[in-house]
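*Asks:* This one is input-v6.csv, CSV, C-alpha atoms.
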```csv
chain,number,residue,atom,x,y,z
A,300,MET,CA,-22.3,2.3,17.6
A,301,THR,CA,-19.5,1.2,15.3
A,302,ILE,CA,-21.0,-2.3,15.1
A,303,ASP,CA,-24.3,-0.9,14.0
A,304,PHE,CA,-22.6,1.2,11.3
A,305,PHE,CA,-20.7,-1.8,9.9
A,306,THR,CA,-23.8,-4.0,10.1
A,307,SER,CA,-25.9,-1.4,8.3
A,308,GLN,CA,-23.1,-0.9,5.6
A,309,SER,CA,-22.8,-4.6,5.2
A,310,GLN,CA,-26.5,-5.0,4.8
A,311,GLU,CA,-26.6,-2.3,2.1
A,312,LEU,CA,-23.8,-3.9,0.2
A,313,SER,CA,-25.6,-7.3,0.4
A,314,ASP,CA,-28.9,-5.7,-0.8
A,315,GLN,CA,-27.1,-4.1,-3.7
A,316,LYS,CA,-25.6,-7.4,-4.8
A,317,TRP,CA,-28.9,-9.2,-4.7
A,318,MET,CA,-30.7,-6.3,-6.4
A,319,ASN,CA,-28.3,-6.6,-9.3
A,320,PHE,CA,-29.6,-10.2,-9.8
A,321,ALA,CA,-33.2,-8.9,-9.8
A,322,PHE,CA,-32.1,-6.3,-12.4
A,323,PHE,CA,-30.7,-9.1,-14.6
A,324,GLU,CA,-34.2,-10.6,-14.4
A,325,ALA,CA,-35.8,-7.3,-15.4
A,326,GLU,CA,-33.5,-7.3,-18.5
A,327,LYS,CA,-34.8,-10.7,-19.4
A,328,ALA,CA,-38.3,-9.4,-19.3
A,329,LEU,CA,-37.3,-6.5,-21.5
A,330,GLU,CA,-35.9,-8.9,-24.1
A,331,LYS,CA,-39.4,-10.5,-24.2
A,332,GLU,CA,-41.1,-7.1,-24.5
A,333,GLU,CA,-42.6,-7.5,-21.0
A,334,VAL,CA,-42.6,-4.7,-18.5
A,335,PRO,CA,-39.0,-5.0,-17.2
A,336,ILE,CA,-39.5,-6.0,-13.6
A,337,GLY,CA,-37.3,-8.7,-12.0
A,338,CYS,CA,-37.2,-10.5,-8.7
A,339,VAL,CA,-35.1,-12.8,-6.7
A,340,ILE,CA,-35.7,-14.5,-3.4
A,341,VAL,CA,-32.7,-15.1,-1.1
A,342,ARG,CA,-32.5,-17.5,1.8
A,343,GLN,CA,-29.3,-18.3,3.8
A,344,ASN,CA,-27.3,-16.2,1.4
A,345,ARG,CA,-28.4,-18.1,-1.7
A,346,ILE,CA,-30.9,-17.4,-4.4
A,347,ILE,CA,-33.7,-19.9,-4.1
A,348,ALA,CA,-36.0,-18.4,-6.8
A,349,LYS,CA,-35.8,-15.8,-9.6
A,350,ALA,CA,-38.4,-14.6,-12.0
A,351,HIS,CA,-39.4,-11.7,-14.2
A,352,ASN,CA,-42.7,-10.4,-15.5
A,353,LEU,CA,-44.5,-12.8,-17.9
A,354,VAL,CA,-47.9,-11.2,-18.1
A,355,GLN,CA,-47.9,-10.8,-21.9
A,356,THR,CA,-46.1,-14.1,-22.6
A,357,LEU,CA,-48.5,-16.2,-20.5
A,358,LYS,CA,-51.5,-13.9,-21.1
A,359,ASP,CA,-52.0,-13.9,-17.3
A,360,PRO,CA,-52.5,-10.8,-15.3
A,361,THR,CA,-51.2,-12.5,-12.2
A,362,ALA,CA,-47.8,-13.5,-13.8
A,363,HIS,CA,-45.9,-10.7,-11.9
A,364,ALA,CA,-42.3,-11.3,-11.1
A,365,GLU,CA,-43.0,-11.5,-7.4
A,366,ILE,CA,-45.8,-14.0,-7.7
A,367,LEU,CA,-43.8,-16.3,-10.0
A,368,ALA,CA,-40.7,-16.1,-7.7
A,369,ILE,CA,-42.8,-16.8,-4.6
A,370,THR,CA,-44.3,-19.9,-6.3
A,371,SER,CA,-40.9,-21.1,-7.3
A,372,ALA,CA,-39.4,-20.5,-3.8
A,373,CYS,CA,-42.3,-22.4,-2.1
A,374,ASN,CA,-41.9,-25.3,-4.5
A,375,HIS,CA,-38.1,-25.3,-3.9
A,376,LEU,CA,-38.6,-25.4,-0.1
A,377,GLN,CA,-41.7,-27.6,-0.2
A,378,SER,CA,-43.4,-25.1,2.1
A,379,LYS,CA,-45.9,-22.2,1.8
A,380,ILE,CA,-43.9,-20.3,4.4
A,381,LEU,CA,-40.9,-18.1,3.4
A,382,ASP,CA,-40.2,-16.7,6.9
A,383,GLU,CA,-36.4,-16.9,6.5
A,384,ALA,CA,-36.3,-15.3,3.1
A,385,THR,CA,-35.8,-11.9,1.5
A,386,LEU,CA,-37.5,-10.9,-1.7
A,387,TYR,CA,-35.7,-8.4,-3.9
A,388,VAL,CA,-37.7,-6.7,-6.7
A,389,THR,CA,-37.0,-3.8,-9.0
A,390,LEU,CA,-40.3,-2.1,-8.6
A,391,GLU,CA,-42.6,-1.6,-5.6
A,392,PRO,CA,-45.1,-4.5,-5.4
A,393,CYS,CA,-48.7,-4.0,-6.2
A,394,SER,CA,-51.6,-4.9,-3.9
A,395,MET,CA,-51.8,-8.4,-5.3
A,396,CYS,CA,-48.1,-9.1,-4.7
A,397,VAL,CA,-48.3,-7.6,-1.2
A,398,GLY,CA,-51.0,-10.0,-0.4
A,399,ALA,CA,-48.8,-12.9,-1.6
A,400,LEU,CA,-45.9,-11.6,0.4
A,401,VAL,CA,-48.0,-11.5,3.6
A,402,LEU,CA,-49.5,-14.9,3.0
A,403,SER,CA,-46.1,-16.4,2.4
A,404,LYS,CA,-44.8,-14.8,5.6
A,405,ILE,CA,-41.7,-13.5,3.8
A,406,LYS,CA,-39.3,-12.0,6.3
A,407,ARG,CA,-38.1,-9.0,4.4
A,408,LEU,CA,-38.9,-7.1,1.2
A,409,VAL,CA,-36.3,-4.9,-0.6
A,410,PHE,CA,-37.6,-2.9,-3.6
A,411,ALA,CA,-35.8,-0.5,-5.8
A,412,ALA,CA,-38.2,2.0,-7.4
A,413,LYS,CA,-41.4,3.5,-6.0
A,414,ASP,CA,-44.6,3.0,-8.0
A,415,THR,CA,-47.0,5.9,-7.6
A,416,LYS,CA,-49.7,4.3,-9.8
A,417,THR,CA,-50.1,0.8,-8.3
A,418,GLY,CA,-47.5,0.5,-5.5
A,419,ALA,CA,-48.9,-0.9,-2.3
A,420,CYS,CA,-45.9,-0.3,0.0
A,421,GLY,CA,-46.3,3.5,0.2
A,422,GLY,CA,-46.2,4.6,-3.5
A,423,MET,CA,-49.9,4.7,-3.9
A,424,VAL,CA,-51.2,3.0,-0.8
A,425,ASP,CA,-49.4,1.3,2.1
A,426,LEU,CA,-51.0,-2.1,2.7
A,427,LEU,CA,-47.9,-3.5,4.5
A,428,ASN,CA,-48.6,-1.3,7.5
A,429,HIS,CA,-52.3,-2.2,7.8
A,430,GLU,CA,-53.0,-3.0,11.4
A,431,LYS,CA,-55.2,-6.0,10.5
A,432,PHE,CA,-52.4,-8.0,8.9
A,433,ASN,CA,-51.2,-10.7,11.2
A,434,HIS,CA,-47.7,-10.7,9.6
A,435,LYS,CA,-45.3,-7.7,9.5
A,436,ILE,CA,-42.6,-7.5,6.8
A,437,GLU,CA,-39.4,-5.7,7.2
A,438,VAL,CA,-39.1,-3.3,4.2
A,439,SER,CA,-36.2,-1.5,2.6
A,440,SER,CA,-36.4,0.6,-0.6
A,441,GLY,CA,-34.3,2.7,-2.9
A,442,ILE,CA,-31.6,0.2,-3.6
A,443,SER,CA,-30.6,0.8,-7.3
A,444,GLU,CA,-33.6,3.0,-7.6
A,445,GLU,CA,-32.4,5.1,-10.5
A,446,LYS,CA,-31.3,2.2,-12.7
A,447,CYS,CA,-34.4,0.2,-12.0
A,448,SER,CA,-36.7,3.2,-12.6
A,449,GLN,CA,-35.0,4.2,-15.8
A,450,ILE,CA,-35.4,0.8,-17.5
A,451,ILE,CA,-39.1,1.0,-16.9
A,452,LYS,CA,-39.4,4.6,-18.1
A,453,ASP,CA,-37.4,3.8,-21.2
A,454,PHE,CA,-39.7,0.7,-21.9
A,455,PHE,CA,-42.9,2.8,-21.7
A,456,LYS,CA,-41.3,5.7,-23.7
A,457,GLN,CA,-40.4,3.2,-26.5
A,458,LYS,CA,-44.0,1.7,-26.4
A,459,ARG,CA,-45.5,5.2,-26.8
A,460,GLU,CA,-43.2,6.0,-29.7
A,461,ASN,CA,-44.2,2.8,-31.5
```
Would you write out, as structure tokens, the structure that this file holds?

*Replies:*
Amino acid sequence: MTIDFFTSQSQELSDQKWMNFAFFEAEKALEKEEVPIGCVIVRQNRIIAKAHNLVQTLKDPTAHAEILAITSACNHLQSKILDEATLYVTLEPCSMCVGALVLSKIKRLVFAAKDTKTGACGGMVDLLNHEKFNHKIEVSSGISEEKCSQIIKDFFKQKREN
């Protein structure tokens, strides 16, 4: 029982550390007046890819942080399979990003804030638990939720005021 507690506590501390890096990416998006969502992909205790939303900058609706990070990680590993990696993202992935996660066979997903409008991991719909998918992803959520949620709320509040 004690081993499980320490393993769980250790995992939570590790998740917090990596989510901080994802939050730094969200801040980069904010500087570019993009929706402040950031992402990092970790494999063997190393960041192998990082990205932030670039939808407005690239004029590309698919330029979500997760998609850009998955592309970068696959290029880094020279493989379309990320089965030993964990993706950390500041907001619950949408259906497009969940599709990319499943296709890349990512091992684990950790997201901070729920997205009740477009979230596809339980926020609006839960695609990850669809029985037809041939790949199951371990999911954790709520790490740095308040901080990651607040940066997005502040971004949209400022947009409405301007």

*Asks:* What is the distance, in Å and to one decimal place, between CA of Val334 in chain A and CA of Leu400 in chain A?

*Replies:*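 That distance, rounded to one decimal, is 20.4 Å.
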
*Asks:* Could you list, as number ranges by chain, every residue within 9 Å of Glu332 in chain A, counting only C-alpha atoms and ignoring same-chain residues fewer than 3 positions away?

*Replies:* A: 327-329, 335, 355-356, 454

*Asks:* Report, in Å with one decimal, the straight-line distance from CA of Phe432 in chain A to CA of Glu391 in chain A.

*Replies:*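 These two atoms are separated by 18.6 Å.
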
*Asks:* Kindly give the distance, in Å, that separates CA of Lys331 in chain A and CA of Val354 in chain A, rounded to a single decimal.

*Replies:*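 About the pair CA of Lys331 in chain A and CA of Val354 in chain A: they are 10.5 Å apart.
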
*Asks:* Please identify all polymer residues within 7 Å of range 433-441 of chain A, counting all atoms listed in the file, omitting same-chain residues fewer than 5 positions from it, and present them as JSON, numbers by chain.

*Replies:* {"A": [401, 404, 405, 406, 407, 408, 409, 410, 411, 412]}

*Asks:* Which residue gives the smallest distance to Val424 in chain A among A:Gln449, A:Ser309, A:Ser403, A:Ser394, with only C-alpha atoms counted?

*Replies:*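 Nearest to Val424 in chain A: A:Ser394.
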
*Asks:* Would you mind listing what lies within 9 Å of Gly418 in chain A as an MDAnalysis selection string, with all atoms listed in the file counted and same-chain residues fewer than 3 positions away left out?

*Replies:* chainID A and resid 390:394 413:415 421:425

*Asks:* Those residues you just picked out, can you put them in a file as a short mmCIF file (atom, residue, chain, number, x, y, z; two decimals), in the frame of the given file with C-alpha atoms?

*Replies:*
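File result_7.cif, as written:
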```cif
data_model
loop_
_atom_site.label_atom_id
_atom_site.label_comp_id
_atom_site.auth_asym_id
_atom_site.auth_seq_id
_atom_site.Cartn_x
_atom_site.Cartn_y
_atom_site.Cartn_z
CA LEU A 390 -40.30 -2.10 -8.60
CA GLU A 391 -42.60 -1.60 -5.60
CA PRO A 392 -45.10 -4.50 -5.40
CA CYS A 393 -48.70 -4.00 -6.20
CA SER A 394 -51.60 -4.90 -3.90
CA LYS A 413 -41.40 3.50 -6.00
CA ASP A 414 -44.60 3.00 -8.00
CA THR A 415 -47.00 5.90 -7.60
CA GLY A 421 -46.30 3.50 0.20
CA GLY A 422 -46.20 4.60 -3.50
CA MET A 423 -49.90 4.70 -3.90
CA VAL A 424 -51.20 3.00 -0.80
CA ASP A 425 -49.40 1.30 2.10
#
```

*Asks:* I'd like to know which of A:Gln377, A:Thr361, A:Asn428, A:Gln310 is closest to Met395 in chain A, using all atoms listed in the file.

*Replies:*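 Among A:Gln377, A:Thr361, A:Asn428, A:Gln310, it is A:Thr361 that comes nearest to Met395 in chain A.
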
*Asks:* For Val341 in chain A, find every residue with an atom within 12 Å (counting only C-alpha atoms), except residues of its own chain fewer than 3 positions away, and show them as number ranges by chain.

*Replies:* A: 313-314, 316-318, 320-321, 338, 344-349, 368-369, 371-372, 375-376, 381-388, 405-409

*Asks:* Can you list, as a PyMOL selection string, every protein, DNA or RNA residue that comes within 9 Å of Ile450 in chain A when you count only C-alpha atoms, leaving out same-chain residues fewer than 3 positions away?

*Replies:* chain A and resi 325-326+329+335-336+445-447+453-455
